Amino acid sequence: MAIIKRFRALTILSIILLGLTWISPDRGTNALSLTGDSLIDMFSLLPPILVLVGLIDQWVDKKVLIKFMGDDSKFLGVIVALLLGGLAAGPMYIAFPIAITLLKKGANIRYVVFFLGVWTTAKLPIVLFEVAAFGWQYTFIHVSVGLIFFYFVGVFFEKRFDPKTLVKEDITSNDK
Amino acid sequence: MTQSIFLYSIIMLLTALSWFKDRQKTKKALMKAKNMLVKLAPELLAILLFVGLSLSIFTPETISSLIGDQSGVVGVFIASFIGSFAMLPSFVVFPLADTLVDNGAGLVQVSAFIATLVSVGFASLPMERKIFGKEFTYMRNLSAVLMAFVFSFVIWVVLPWL
């Protein structure tokens, strides 16, 4: 049963892919080659990020992280979240392992949620693409609305969730 | 590509430093990295397959025809819906959005599309849920949908000046 559950999403998507290929072979093969492309993209970013997460886990002292992103870090927490999220690269799923490590090390939920928000709306490399496509004013509005909004989402999440019970499964551990 | 080489070099340097200082800790760190990759592999593959499917189903012409600049609030909803379901590499998002506008999509609707595309992840829901639990995951994604509405509203208000 556990195995079925583990591969449920993958199985459903494979069936959709087969269906698409049956209806339109062109689009099916296109989807498959695009999947291959993003597999390469994933391997160009994810493994080093996971090693980084592992190293942070082993080397960064809890006390230090609490100072930077803990309950009393105040403005410093905002700055650290901005730097971590803004200098990042890659899609959102790469941010999750980082977020969970920060939480485990004692970071406040507010700054971790804000970090995820920064990651999605204000990543520097992507902001440059945005400026090129839509200009400065548009980008400025997008980034400011995103940052203000996700900061308050963070404030709300901090009240809503208990940091001790939030981390459901430690994906870094050895046991199954 | 350069980004990747840069990232790999930095991490290799850090790992070497760590290995030099404490082999035991480094081994543990690498084990943890490997465990994460193995545990998340099915979810990751699902995400990638999802990206491939969405890129081949939602061509720029298809999307533009659904969210034209006369489509109004309904267009914003459709745009947020497509944006939540589709998942694209972030460097594709803005060139695609630009193409959409060129093909006749409205900027207000495209804004909702962009905002949901980057921060709502239907494809990454299983992975996010595995890490943070159901409630956190659904609430975070819902708040991101809300942000997309707020953002496209702001763009609608300032549109005459843009």
# chains A, B, ... in the order shown; residues from 1 in each chain; ligands from 1
$ select_by_dssp --residues "range 25-116 of chain B" --states "helix (DSSP H, G or I)" --output "MDAnalysis selection string"
chainID B and resid 25:57 60:66 72:85 90:102 107:116
$ residues_around --residues "range 105-119 of chain B" --least-positions-apart "5" --cutoff "9 Å" --atoms "only C-alpha atoms" --output "MDAnalysis selection string"
(chainID A and resid 91:92 116:117 119:121 142 146) or (chainID B and resid 63:73 75:90 93:94 97:100 141 144:145 147:156 159)
$ atom_distance --atom1 "CA of Trp19 in chain B" --atom2 "CA of Phe6 in chain B"
19.9 Å
$ closest_residue --among "A:Met42, A:Ile3, A:Leu18, A:Ala107" --to "Ala89 in chain A" --atoms "only C-alpha atoms"
A:Met42
$ residues_around --residues "Thr35 in chain A" --least-positions-apart "4" --cutoff "10 Å" --atoms "only C-alpha atoms" --output "PyMOL selection string"
(chain A and resi 29-31+39-41) or (chain B and resi 45-56)
$ closest_residue --among "B:Val120, B:Val74, B:Ile11, B:Leu44" --to "Ser143 in chain B" --atoms "only C-alpha atoms"
B:Val120
$ atom_distance --atom1 "CA of Leu30 in chain B" --atom2 "CA of Leu55 in chain A"
7.7 Å
